[in-house]
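Undergrad: Next up, protein.tsv (TSV, C-alpha atoms).
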```
chain	number	residue	atom	x	y	z
V	883	MET	CA	138.76	62.07	91.62
V	884	VAL	CA	135.42	61.71	93.40
V	885	LYS	CA	136.98	59.66	96.19
V	886	VAL	CA	139.80	62.18	96.64
V	887	ASN	CA	137.31	65.04	97.00
V	888	LEU	CA	135.29	63.10	99.56
V	889	GLU	CA	138.43	62.39	101.58
V	890	ILE	CA	139.18	66.12	101.62
V	891	PHE	CA	135.70	67.57	102.22
V	892	LEU	CA	133.85	64.72	103.97
V	893	PRO	CA	136.49	62.71	105.84
V	894	ALA	CA	133.93	61.46	108.41
V	895	LEU	CA	131.90	59.88	105.62
V	896	VAL	CA	134.97	58.01	104.41
V	897	GLU	CA	135.67	56.88	107.98
V	898	LEU	CA	132.10	55.65	108.40
V	899	VAL	CA	131.85	53.56	105.24
V	900	ASP	CA	134.10	50.79	103.96
V	901	PHE	CA	134.55	51.80	100.32
V	902	ARG	CA	136.80	48.97	99.20
V	903	ASP	CA	134.08	47.52	97.00
V	904	PHE	CA	132.61	50.86	95.89
V	905	PRO	CA	132.48	51.46	92.09
V	906	TRP	CA	134.49	54.68	92.06
V	907	ASP	CA	135.28	54.46	88.35
V	908	LYS	CA	131.59	54.22	87.47
V	909	ILE	CA	130.75	57.22	89.67
V	910	ASP	CA	133.55	59.26	88.06
V	911	GLN	CA	132.32	58.31	84.60
V	912	ALA	CA	128.68	59.06	85.44
V	913	PHE	CA	129.52	62.48	86.88
V	914	THR	CA	131.73	63.35	83.89
V	915	ALA	CA	128.91	62.36	81.54
V	916	LYS	CA	126.43	64.44	83.55
V	917	TRP	CA	128.76	67.44	83.43
V	918	GLN	CA	129.17	67.12	79.67
V	919	GLU	CA	125.41	66.81	79.26
V	920	ARG	CA	124.93	70.05	81.17
V	921	THR	CA	127.61	71.81	79.14
V	922	ILE	CA	125.93	70.85	75.88
V	923	ALA	CA	122.47	71.81	77.16
V	924	SER	CA	123.60	75.21	78.42
V	925	LYS	CA	125.11	76.26	75.07
V	926	GLY	CA	127.55	78.43	76.95
V	927	GLU	CA	124.84	80.26	78.88
V	928	PRO	CA	124.14	80.09	82.65
V	929	MET	CA	121.49	77.55	83.56
V	930	ILE	CA	119.76	76.21	86.65
V	931	VAL	CA	120.62	72.60	87.47
V	932	GLU	CA	119.67	70.14	90.18
V	933	ALA	CA	122.72	70.15	92.41
V	934	SER	CA	124.23	66.86	93.53
V	935	ILE	CA	126.58	66.46	96.47
V	936	TYR	CA	129.44	66.78	93.99
V	937	ASP	CA	128.13	70.17	92.87
V	938	VAL	CA	128.17	71.21	96.53
V	939	ILE	CA	131.83	70.15	96.73
V	940	ILE	CA	132.61	72.15	93.58
V	941	GLY	CA	130.85	75.14	95.14
V	942	ALA	CA	132.94	74.78	98.29
V	943	LYS	CA	136.11	74.68	96.18
V	944	LYS	CA	135.04	77.99	94.67
V	945	GLY	CA	134.62	79.48	98.14
V	946	LYS	CA	130.81	79.63	98.20
V	947	ARG	CA	129.87	79.93	101.86
V	948	GLU	CA	126.52	78.17	101.48
V	949	ALA	CA	128.26	75.13	100.00
V	950	ILE	CA	131.00	75.22	102.64
V	951	GLY	CA	128.36	75.34	105.36
V	952	LEU	CA	126.37	72.48	103.89
V	953	LEU	CA	129.46	70.25	103.71
V	954	ASP	CA	130.23	71.19	107.31
V	955	PHE	CA	126.76	69.95	108.29
V	956	PHE	CA	127.19	66.71	106.36
V	957	ASN	CA	130.59	66.04	107.91
V	958	LYS	CA	129.34	66.70	111.45
V	959	LEU	CA	126.39	64.39	110.78
V	960	PHE	CA	128.73	61.58	109.74
V	961	GLU	CA	131.05	62.29	112.69
V	962	GLU	CA	128.14	61.71	115.05
V	963	LEU	CA	127.23	58.48	113.28
V	964	VAL	CA	130.82	57.26	113.59
V	965	ASP	CA	130.65	57.92	117.34
V	966	ASN	CA	127.13	56.64	118.02
V	967	LEU	CA	126.58	53.62	115.77
V	968	THR	CA	127.66	50.12	116.74
V	969	PRO	CA	129.86	48.19	114.25
V	970	PRO	CA	126.86	46.14	112.95
V	971	GLU	CA	124.81	49.34	112.56
V	972	LYS	CA	127.61	50.97	110.56
V	973	VAL	CA	127.52	48.04	108.15
V	974	LEU	CA	123.77	48.59	107.66
V	975	VAL	CA	124.18	52.32	107.00
V	976	ARG	CA	126.64	51.78	104.15
V	977	SER	CA	123.84	51.14	101.68
V	978	SER	CA	122.20	54.52	102.40
V	979	VAL	CA	125.50	56.38	102.10
V	980	LYS	CA	126.34	54.64	98.83
V	981	SER	CA	122.89	55.48	97.44
V	982	MET	CA	123.47	59.12	98.35
V	983	LEU	CA	126.78	59.14	96.48
V	984	LYS	CA	125.23	57.55	93.42
V	985	ALA	CA	122.55	60.27	93.15
V	986	LEU	CA	123.68	62.82	90.57
V	987	ASP	CA	120.88	65.30	91.26
V	988	SER	CA	119.08	66.87	94.23
V	989	LYS	CA	117.65	63.48	95.21
V	990	TYR	CA	120.82	62.98	97.26
V	991	LEU	CA	119.06	65.12	99.88
V	992	ASN	CA	116.48	62.36	100.34
V	993	PHE	CA	119.25	60.10	101.61
V	994	VAL	CA	120.63	62.90	103.78
V	995	GLY	CA	117.14	63.23	105.26
V	996	GLU	CA	117.00	59.52	106.01
V	997	ILE	CA	120.47	59.47	107.53
V	998	GLY	CA	119.71	62.60	109.57
V	999	VAL	CA	116.54	61.05	111.02
V	1000	LEU	CA	118.46	57.87	111.83
V	1001	ASN	CA	121.13	59.92	113.61
V	1002	ASN	CA	118.54	61.82	115.66
V	1003	MET	CA	116.89	58.59	116.81
V	1004	ILE	CA	120.17	56.92	117.73
V	1005	LYS	CA	121.39	60.05	119.56
V	1006	SER	CA	118.22	60.11	121.64
V	1007	GLY	CA	119.35	56.86	123.26
V	1008	GLY	CA	115.92	55.36	122.82
V	1009	TYR	CA	116.51	53.22	119.74
V	1010	ARG	CA	118.90	50.74	118.15
V	1011	LEU	CA	118.94	50.02	114.44
V	1012	ASN	CA	117.96	46.53	113.28
V	1013	ALA	CA	117.56	46.91	109.53
V	1014	ILE	CA	117.49	49.33	106.61
V	1015	GLU	CA	114.92	48.93	103.81
V	1016	GLN	CA	113.00	46.39	105.89
V	1017	ILE	CA	110.73	44.28	103.70
V	1018	LEU	CA	107.12	44.06	104.90
V	1019	GLN	CA	104.79	41.07	104.54
V	1020	ASN	CA	103.18	42.74	101.48
V	1021	GLY	CA	106.52	43.04	99.67
V	1022	LYS	CA	106.89	46.78	100.22
V	1023	SER	CA	109.72	48.23	102.31
V	1024	VAL	CA	110.21	50.85	104.99
V	1025	ASP	CA	113.41	52.80	105.56
V	1026	PHE	CA	114.26	51.60	109.07
V	1027	LYS	CA	113.45	48.92	111.60
V	1028	PHE	CA	114.30	49.90	115.20
V	1029	THR	CA	114.17	48.31	118.62
V	1030	LYS	CA	113.15	50.54	121.52
V	1031	THR	CA	115.85	50.26	124.17
V	1032	ILE	CA	113.39	50.70	127.04
V	1033	ASN	CA	111.22	47.66	126.31
V	1034	GLY	CA	112.48	45.86	123.19
V	1035	GLU	CA	109.45	46.93	121.16
V	1036	ILE	CA	109.91	46.90	117.36
V	1037	ILE	CA	108.90	49.95	115.29
V	1038	MET	CA	109.20	50.74	111.60
V	1039	VAL	CA	110.11	54.24	110.41
V	1040	GLU	CA	109.57	55.67	106.94
V	1041	VAL	CA	111.17	59.04	106.17
V	1042	VAL	CA	109.10	61.22	103.83
V	1043	ASN	CA	111.29	63.87	102.21
V	1044	ILE	CA	109.27	66.88	101.07
V	1045	HIS	CA	110.95	69.42	98.79
V	1046	LEU	CA	109.03	72.68	99.14
V	1047	ASP	CA	108.34	74.57	95.93
V	1048	ALA	CA	108.95	78.23	96.79
V	1049	ASP	CA	106.35	79.33	94.24
V	1050	ARG	CA	103.63	77.15	95.75
V	1051	VAL	CA	104.13	77.45	99.50
V	1052	GLU	CA	101.07	79.12	101.04
V	1053	ASN	CA	101.16	80.85	104.40
V	1054	ASN	CA	97.75	79.48	105.17
V	1055	ILE	CA	96.76	77.09	107.96
V	1056	THR	CA	94.17	75.21	105.92
V	1057	ALA	CA	96.45	74.84	102.89
V	1058	ILE	CA	99.39	73.55	104.94
V	1059	ASP	CA	97.23	71.06	106.84
V	1060	LYS	CA	95.65	69.76	103.63
V	1061	PHE	CA	98.99	69.48	101.83
V	1062	LEU	CA	100.75	67.53	104.58
V	1063	THR	CA	97.78	65.39	105.58
V	1064	ASN	CA	97.10	64.28	102.00
V	1065	LYS	CA	100.75	63.57	101.24
V	1066	LEU	CA	101.33	61.54	104.39
V	1067	ALA	CA	98.02	59.68	104.22
V	1068	VAL	CA	98.78	58.59	100.65
V	1069	LYS	CA	102.25	57.43	101.70
V	1070	MET	CA	100.89	55.35	104.58
V	1071	ALA	CA	98.12	53.85	102.46
V	1072	ASP	CA	100.73	52.75	99.93
V	1073	LYS	CA	102.92	51.14	102.58
V	1074	LYS	CA	99.98	49.26	104.13
V	1075	GLN	CA	98.36	48.16	100.88
V	1076	ASN	CA	97.47	44.45	101.16
V	1077	LEU	CA	99.26	44.27	104.51
V	1078	THR	CA	97.50	41.66	106.65
V	1079	ILE	CA	99.88	41.92	109.61
V	1080	ASN	CA	99.59	44.97	111.85
V	1081	GLU	CA	103.02	46.61	111.59
V	1082	ASP	CA	103.87	49.60	113.81
V	1083	ILE	CA	104.84	52.06	111.06
V	1084	HIS	CA	105.62	55.71	111.76
V	1085	LEU	CA	106.16	58.45	109.18
V	1086	VAL	CA	108.77	61.15	109.76
V	1087	PRO	CA	108.44	64.06	107.29
V	1088	VAL	CA	111.59	66.01	106.44
V	1089	LEU	CA	111.15	69.43	104.85
V	1090	TRP	CA	113.71	70.86	102.43
V	1091	GLY	CA	113.53	74.45	101.24
V	1092	GLY	CA	114.65	78.04	101.71
V	1093	TRP	CA	114.54	79.46	105.22
V	1094	GLU	CA	111.59	81.73	104.39
V	1095	ASN	CA	109.41	78.74	103.50
V	1096	ILE	CA	110.70	76.67	106.41
V	1097	ARG	CA	109.74	79.54	108.74
V	1098	ILE	CA	106.16	79.41	107.44
V	1099	TYR	CA	105.96	75.76	108.48
V	1100	SER	CA	107.74	76.51	111.76
V	1101	ASN	CA	105.12	79.12	112.63
V	1102	TYR	CA	102.36	76.68	111.68
V	1103	PHE	CA	103.63	73.93	113.97
V	1104	ARG	CA	104.11	76.28	116.89
V	1105	ASN	CA	100.34	76.47	117.11
V	1106	ASN	CA	99.08	73.36	115.29
V	1107	LYS	CA	99.61	69.60	115.15
V	1108	LEU	CA	99.16	66.95	112.51
V	1109	SER	CA	95.87	65.09	112.85
V	1110	LEU	CA	97.52	61.82	111.79
V	1111	SER	CA	98.38	59.42	114.62
V	1112	PHE	CA	101.07	57.68	112.54
V	1113	ALA	CA	103.06	60.82	111.62
V	1114	VAL	CA	105.21	63.09	113.75
V	1115	GLU	CA	105.95	66.80	113.38
V	1116	PRO	CA	108.23	67.44	110.39
V	1117	ILE	CA	111.97	67.84	110.83
V	1118	ALA	CA	113.88	70.46	108.84
V	1119	TYR	CA	117.39	71.81	108.45
V	1120	LEU	CA	118.47	75.36	109.29
V	1121	GLN	CA	121.93	76.86	109.25
V	1122	TYR	CA	123.16	79.89	111.19
V	1123	ASN	CA	126.50	81.38	110.11
V	1124	ASN	CA	128.66	84.47	110.18
V	1125	ARG	CA	131.30	85.95	107.90
V	1126	GLU	CA	134.09	84.14	109.75
V	1127	ASN	CA	132.93	80.75	108.43
V	1128	TYR	CA	131.33	79.81	111.74
V	1129	PHE	CA	128.41	77.47	111.13
V	1130	GLU	CA	125.72	76.33	113.52
V	1131	HIS	CA	123.52	73.53	112.24
V	1132	HIS	CA	120.05	72.47	113.35
V	1133	PHE	CA	118.22	69.39	112.07
V	1134	LYS	CA	115.21	69.04	114.32
V	1135	THR	CA	111.48	69.51	114.67
V	1136	VAL	CA	110.47	72.48	112.56
V	1137	SER	CA	108.61	74.33	115.34
V	1138	HIS	CA	111.88	74.75	117.29
V	1139	LEU	CA	114.21	75.74	114.45
V	1140	PHE	CA	113.91	79.47	115.00
V	1141	ASP	CA	113.87	79.46	118.81
V	1142	LYS	CA	117.00	81.61	119.05
V	1143	ASP	CA	115.58	84.39	116.82
```
Could you write out this structure as structure tokens?
TA:
Amino acid sequence: MVKVNLEIFLPALVELVDFRDFPWDKIDQAFTAKWQERTIASKGEPMIVEASIYDVIIGAKKGKREAIGLLDFFNKLFEELVDNLTPPEKVLVRSSVKSMLKALDSKYLNFVGEIGVLNNMIKSGGYRLNAIEQILQNGKSVDFKFTKTINGEIIMVEVVNIHLDADRVENNITAIDKFLTNKLAVKMADKKQNLTINEDIHLVPVLWGGWENIRIYSNYFRNNKLSLSFAVEPIAYLQYNNRENYFEHHFKTVSHLFDKD
């Protein structure tokens, strides 16, 4: 059932990944068990759950425009990957897509963030993908290993997905700077722990949250920059739509998300 729904709602994903060895039965069983667990926990009352990609598909089936729009974004993302990745690169990306499909909660967005960053870098024409989950000399891993097309230089990229808590987002320059700087510095320190070889590692933050909170960060980065040399301006997702089911998707640096407003 899961595979059938993906073929209907995310055909580009199915085209991108060779699913012949994918454990569809186990995914179906895991989702059914998760659904039953929720049913028991809810005791017949409405409850808030962490939505997986399968919940988004269910929402689209029910005609929810937000879910329909999100699936439209996912499908366009995978369409671009189908067009822009080389055959060897497509083989590498399969592991990320499969991990996304195995996530039965909101953590699937972490893999969407990684795949979205990969797509942006490939589309730029400046990079080719060498490896996913590249193992470093200290035994830790980074999400991607790229070669710069201009000079053959190797760089490592780690995507840092940040899920904004609407109740804790502060519209305050000092608070935003402290929050991001601390989070990214801790991430880099972990990756470089006991690393004796100087690896060129870059962090790419991806922000997930409601548009009101994303706008706060957009306004911040219109006038400020991160003080960390190893981290770039965060990327975030924003959707424009109308009542005719027209969707316009933006997954780019947060300071430019609201340029058309």
Undergrad: Have a look at atom CA of His1084 of chain V and atom CA of Ile1037 of chain V and let me know their distance in Å, one decimal.
TA: 7.5 Å
Undergrad: Using all atoms listed in the file, pick whichever of V:Asn1101, V:Ser981, V:Asn1054, V:Ser988 has the shortest atom-to-atom distance to Ala933 of chain V.
TA: V:Ser988
Undergrad: Would you mind reading off the distance between atom CA of Ile1079 of chain V and atom CA of Lys1060 of chain V, one decimal, in Å?
TA: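 So the two atoms, atom CA of Ile1079 of chain V and atom CA of Lys1060 of chain V, lie 28.8 Å apart.
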Undergrad: Can you pull out every residue within 8 Å of Val1114 of chain V, counting only C-alpha atoms, but drop anything in the same chain fewer than 5 positions away, and send it as a PDB file with C-alpha atoms, keeping the file's coordinate frame?
TA:
```pdb
ATOM      1  CA  HIS V1084     105.620  55.710 111.760  1.00  0.00           C
ATOM      2  CA  LEU V1085     106.160  58.450 109.180  1.00  0.00           C
ATOM      3  CA  VAL V1086     108.770  61.150 109.760  1.00  0.00           C
ATOM      4  CA  PRO V1087     108.440  64.060 107.290  1.00  0.00           C
ATOM      5  CA  LEU V1108      99.160  66.950 112.510  1.00  0.00           C
TER       6      LEU V1108
END
```
Undergrad: Select, from V:Ala912, V:Val1051, V:Val999, V:Ile1083, the residue with the minimum atom-to-atom distance to Thr1135 of chain V, counting only C-alpha atoms.
TA: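 Looking only at the distances to Thr1135 of chain V, the closest residue turns out to be V:Val999.
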Undergrad: Which of these, V:Glu1130, V:Glu1015, V:Asp1049, V:Asp937, has the shortest distance to Ser978 of chain V once you count all atoms listed in the file?
TA: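 The closest residue to Ser978 of chain V is V:Glu1015.
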Undergrad: Please determine, counting all atoms listed in the file, which residue among V:Leu959, V:Ala915, V:Ile909, V:Ala942 has the shortest atom-to-atom distance to Ile890 of chain V.
TA: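 For Ile890 of chain V, the nearest of the candidates is V:Ala942.
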Undergrad: Write out as a tab-separated table (two decimals) with C-alpha atoms, keeping the file's coordinate frame the residues lying within 10 Å of Asn1123 of chain V, counting all atoms listed in the file and excluding same-chain residues fewer than 5 positions away.
TA:
```
chain	number	residue	atom	x	y	z
V	947	ARG	CA	129.87	79.93	101.86
V	948	GLU	CA	126.52	78.17	101.48
V	951	GLY	CA	128.36	75.34	105.36
V	1128	TYR	CA	131.33	79.81	111.74
V	1129	PHE	CA	128.41	77.47	111.13
V	1130	GLU	CA	125.72	76.33	113.52
V	1131	HIS	CA	123.52	73.53	112.24
```
Undergrad: Counting only C-alpha atoms, which of V:Val973, V:Val938, V:Leu892, V:Ile1004 gets nearest to Phe960 of chain V?
TA: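 For Phe960 of chain V, the nearest of the given residues is V:Leu892.
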